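Data block below; observations after.
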Amino acid sequence: MRRDRSEERIPELDLHGRRVDEVADQVDRFLRTCQAKKAVRARIITGRGTGAVERATLDWLRLGGFPTKRENPGSWIVFLD
């Protein structure tokens with residue numbers, strides 16, 4: 001039986017407690033794993049805090065050409081396909 005997309009588990013990376021200088025490596029490793037597993041979307045949780053981790057994450061995603069959509073404050077959906 002085939003599952004529809006609403007039942008798919010979206011891979012998730014939680015960056016709470018991470019420093020800005022850790023973002024690029026963490027996000028890169030996570031997205032490579034997602035792509036290897038043929039995921040079409042992924043969730044990255046940055047939290048709110050000062051906004052520095054969120055800005056660094058979004059800058060890196062833009063640099064990599066990954067489209068994003070804000071899911072809620074501090075959480076983003078990244079489109080991989």
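Within each chain, counting starts at residue 1; across the structure tokens, chains are named A, B, ... in the order shown, with ligands numbered 1 upward in that order.
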Original post:
Could you pull out the strand (DSSP E or B) residues of range 9-74 of chain A from DSSP and send them as a VMD selection string?
Top reply: chain A and resid 12 to 14 41 to 45 68 to 72
**OP:** Within 12 Å of Ile44 in chain A, counting only C-alpha atoms, which residues show up once you throw out same-chain ones fewer than 4 positions away? Write them as a ChimeraX atom specification, please.
**Re:** /A:10-16,23,26-28,30-31,34,53-54,57-58,61,68-79
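In this model, the gap between CA of Lys38 in chain A and CA of Arg18 in chain A comes to 26.2 Å.
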**OP:** Could you please determine the separation between CA of Ala42 in chain A and CA of Leu80 in chain A in Å, to one decimal place?
**Re:** 7.5 Å
**OP:** Find the distance between CA of Gly47 in chain A and CA of Leu63 in chain A and write it in Å to one decimal.
**Re:** 20.8 Å
**OP:** Using DSSP on the backbone coordinates, identify the residues of range 9-64 of chain A assigned to alpha helix (DSSP H); present them as a ChimeraX atom specification.
**Re:** /A:20-36,52-63
Using the selection just defined, write its residues with N, CA and C atoms as a PDB file, in the first residue's frame.
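The resulting again-v1.pdb:
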```
ATOM      1  N   VAL A  20      26.777  29.976  15.474  1.00  0.00           N
ATOM      2  CA  VAL A  20      26.755  30.379  14.068  1.00  0.00           C
ATOM      3  C   VAL A  20      27.858  29.678  13.284  1.00  0.00           C
ATOM      4  N   ASP A  21      29.037  29.529  13.875  1.00  0.00           N
ATOM      5  CA  ASP A  21      30.145  28.909  13.150  1.00  0.00           C
ATOM      6  C   ASP A  21      29.956  27.406  12.921  1.00  0.00           C
ATOM      7  N   GLU A  22      28.942  26.807  13.518  1.00  0.00           N
ATOM      8  CA  GLU A  22      28.649  25.385  13.320  1.00  0.00           C
ATOM      9  C   GLU A  22      27.594  25.149  12.234  1.00  0.00           C
ATOM     10  N   VAL A  23      26.881  26.199  11.856  1.00  0.00           N
ATOM     11  CA  VAL A  23      25.713  26.057  10.984  1.00  0.00           C
ATOM     12  C   VAL A  23      26.045  25.431   9.630  1.00  0.00           C
ATOM     13  N   ALA A  24      27.014  25.956   8.918  1.00  0.00           N
ATOM     14  CA  ALA A  24      27.299  25.484   7.561  1.00  0.00           C
ATOM     15  C   ALA A  24      27.595  23.988   7.529  1.00  0.00           C
ATOM     16  N   ASP A  25      28.465  23.522   8.420  1.00  0.00           N
ATOM     17  CA  ASP A  25      28.813  22.094   8.439  1.00  0.00           C
ATOM     18  C   ASP A  25      27.614  21.222   8.793  1.00  0.00           C
ATOM     19  N   GLN A  26      26.855  21.647   9.802  1.00  0.00           N
ATOM     20  CA  GLN A  26      25.691  20.864  10.239  1.00  0.00           C
ATOM     21  C   GLN A  26      24.642  20.770   9.135  1.00  0.00           C
ATOM     22  N   VAL A  27      24.321  21.911   8.533  1.00  0.00           N
ATOM     23  CA  VAL A  27      23.295  21.947   7.490  1.00  0.00           C
ATOM     24  C   VAL A  27      23.762  21.185   6.257  1.00  0.00           C
ATOM     25  N   ASP A  28      25.010  21.367   5.869  1.00  0.00           N
ATOM     26  CA  ASP A  28      25.543  20.666   4.696  1.00  0.00           C
ATOM     27  C   ASP A  28      25.463  19.153   4.878  1.00  0.00           C
ATOM     28  N   ARG A  29      25.914  18.667   6.008  1.00  0.00           N
ATOM     29  CA  ARG A  29      25.886  17.227   6.292  1.00  0.00           C
ATOM     30  C   ARG A  29      24.446  16.696   6.288  1.00  0.00           C
ATOM     31  N   PHE A  30      23.548  17.437   6.915  1.00  0.00           N
ATOM     32  CA  PHE A  30      22.141  17.045   6.996  1.00  0.00           C
ATOM     33  C   PHE A  30      21.503  16.969   5.600  1.00  0.00           C
ATOM     34  N   LEU A  31      21.696  18.005   4.789  1.00  0.00           N
ATOM     35  CA  LEU A  31      21.060  18.019   3.470  1.00  0.00           C
ATOM     36  C   LEU A  31      21.646  16.957   2.542  1.00  0.00           C
ATOM     37  N   ARG A  32      22.929  16.697   2.647  1.00  0.00           N
ATOM     38  CA  ARG A  32      23.531  15.617   1.838  1.00  0.00           C
ATOM     39  C   ARG A  32      22.899  14.267   2.199  1.00  0.00           C
ATOM     40  N   THR A  33      22.704  14.042   3.480  1.00  0.00           N
ATOM     41  CA  THR A  33      22.064  12.800   3.926  1.00  0.00           C
ATOM     42  C   THR A  33      20.635  12.715   3.406  1.00  0.00           C
ATOM     43  N   CYS A  34      19.902  13.827   3.487  1.00  0.00           N
ATOM     44  CA  CYS A  34      18.516  13.855   2.992  1.00  0.00           C
ATOM     45  C   CYS A  34      18.469  13.554   1.500  1.00  0.00           C
ATOM     46  N   GLN A  35      19.360  14.168   0.740  1.00  0.00           N
ATOM     47  CA  GLN A  35      19.387  13.937  -0.703  1.00  0.00           C
ATOM     48  C   GLN A  35      19.753  12.490  -1.021  1.00  0.00           C
ATOM     49  N   ALA A  36      20.674  11.916  -0.270  1.00  0.00           N
ATOM     50  CA  ALA A  36      21.062  10.523  -0.492  1.00  0.00           C
ATOM     51  C   ALA A  36      19.886   9.581  -0.230  1.00  0.00           C
ATOM     52  N   ALA A  52      20.635  35.040  14.956  1.00  0.00           N
ATOM     53  CA  ALA A  52      21.916  34.859  14.277  1.00  0.00           C
ATOM     54  C   ALA A  52      22.017  33.494  13.593  1.00  0.00           C
ATOM     55  N   VAL A  53      21.587  32.435  14.275  1.00  0.00           N
ATOM     56  CA  VAL A  53      21.646  31.090  13.681  1.00  0.00           C
ATOM     57  C   VAL A  53      20.674  31.004  12.508  1.00  0.00           C
ATOM     58  N   GLU A  54      19.501  31.598  12.652  1.00  0.00           N
ATOM     59  CA  GLU A  54      18.533  31.590  11.560  1.00  0.00           C
ATOM     60  C   GLU A  54      19.094  32.326  10.341  1.00  0.00           C
ATOM     61  N   ARG A  55      19.675  33.500  10.538  1.00  0.00           N
ATOM     62  CA  ARG A  55      20.260  34.256   9.416  1.00  0.00           C
ATOM     63  C   ARG A  55      21.385  33.467   8.745  1.00  0.00           C
ATOM     64  N   ALA A  56      22.256  32.869   9.556  1.00  0.00           N
ATOM     65  CA  ALA A  56      23.371  32.092   8.995  1.00  0.00           C
ATOM     66  C   ALA A  56      22.852  30.899   8.205  1.00  0.00           C
ATOM     67  N   THR A  57      21.817  30.245   8.719  1.00  0.00           N
ATOM     68  CA  THR A  57      21.227  29.093   8.034  1.00  0.00           C
ATOM     69  C   THR A  57      20.621  29.514   6.705  1.00  0.00           C
ATOM     70  N   LEU A  58      19.828  30.574   6.711  1.00  0.00           N
ATOM     71  CA  LEU A  58      19.192  31.034   5.474  1.00  0.00           C
ATOM     72  C   LEU A  58      20.214  31.532   4.461  1.00  0.00           C
ATOM     73  N   ASP A  59      21.257  32.201   4.921  1.00  0.00           N
ATOM     74  CA  ASP A  59      22.326  32.637   4.010  1.00  0.00           C
ATOM     75  C   ASP A  59      22.965  31.426   3.336  1.00  0.00           C
ATOM     76  N   TRP A  60      23.244  30.386   4.110  1.00  0.00           N
ATOM     77  CA  TRP A  60      23.878  29.189   3.553  1.00  0.00           C
ATOM     78  C   TRP A  60      22.944  28.506   2.554  1.00  0.00           C
ATOM     79  N   LEU A  61      21.653  28.398   2.890  1.00  0.00           N
ATOM     80  CA  LEU A  61      20.688  27.762   1.988  1.00  0.00           C
ATOM     81  C   LEU A  61      20.549  28.534   0.683  1.00  0.00           C
ATOM     82  N   ARG A  62      20.516  29.863   0.765  1.00  0.00           N
ATOM     83  CA  ARG A  62      20.451  30.685  -0.454  1.00  0.00           C
ATOM     84  C   ARG A  62      21.697  30.480  -1.298  1.00  0.00           C
ATOM     85  N   LEU A  63      22.850  30.472  -0.663  1.00  0.00           N
ATOM     86  CA  LEU A  63      24.112  30.258  -1.366  1.00  0.00           C
ATOM     87  C   LEU A  63      24.099  28.924  -2.106  1.00  0.00           C
TER      88      LEU A  63
END
```
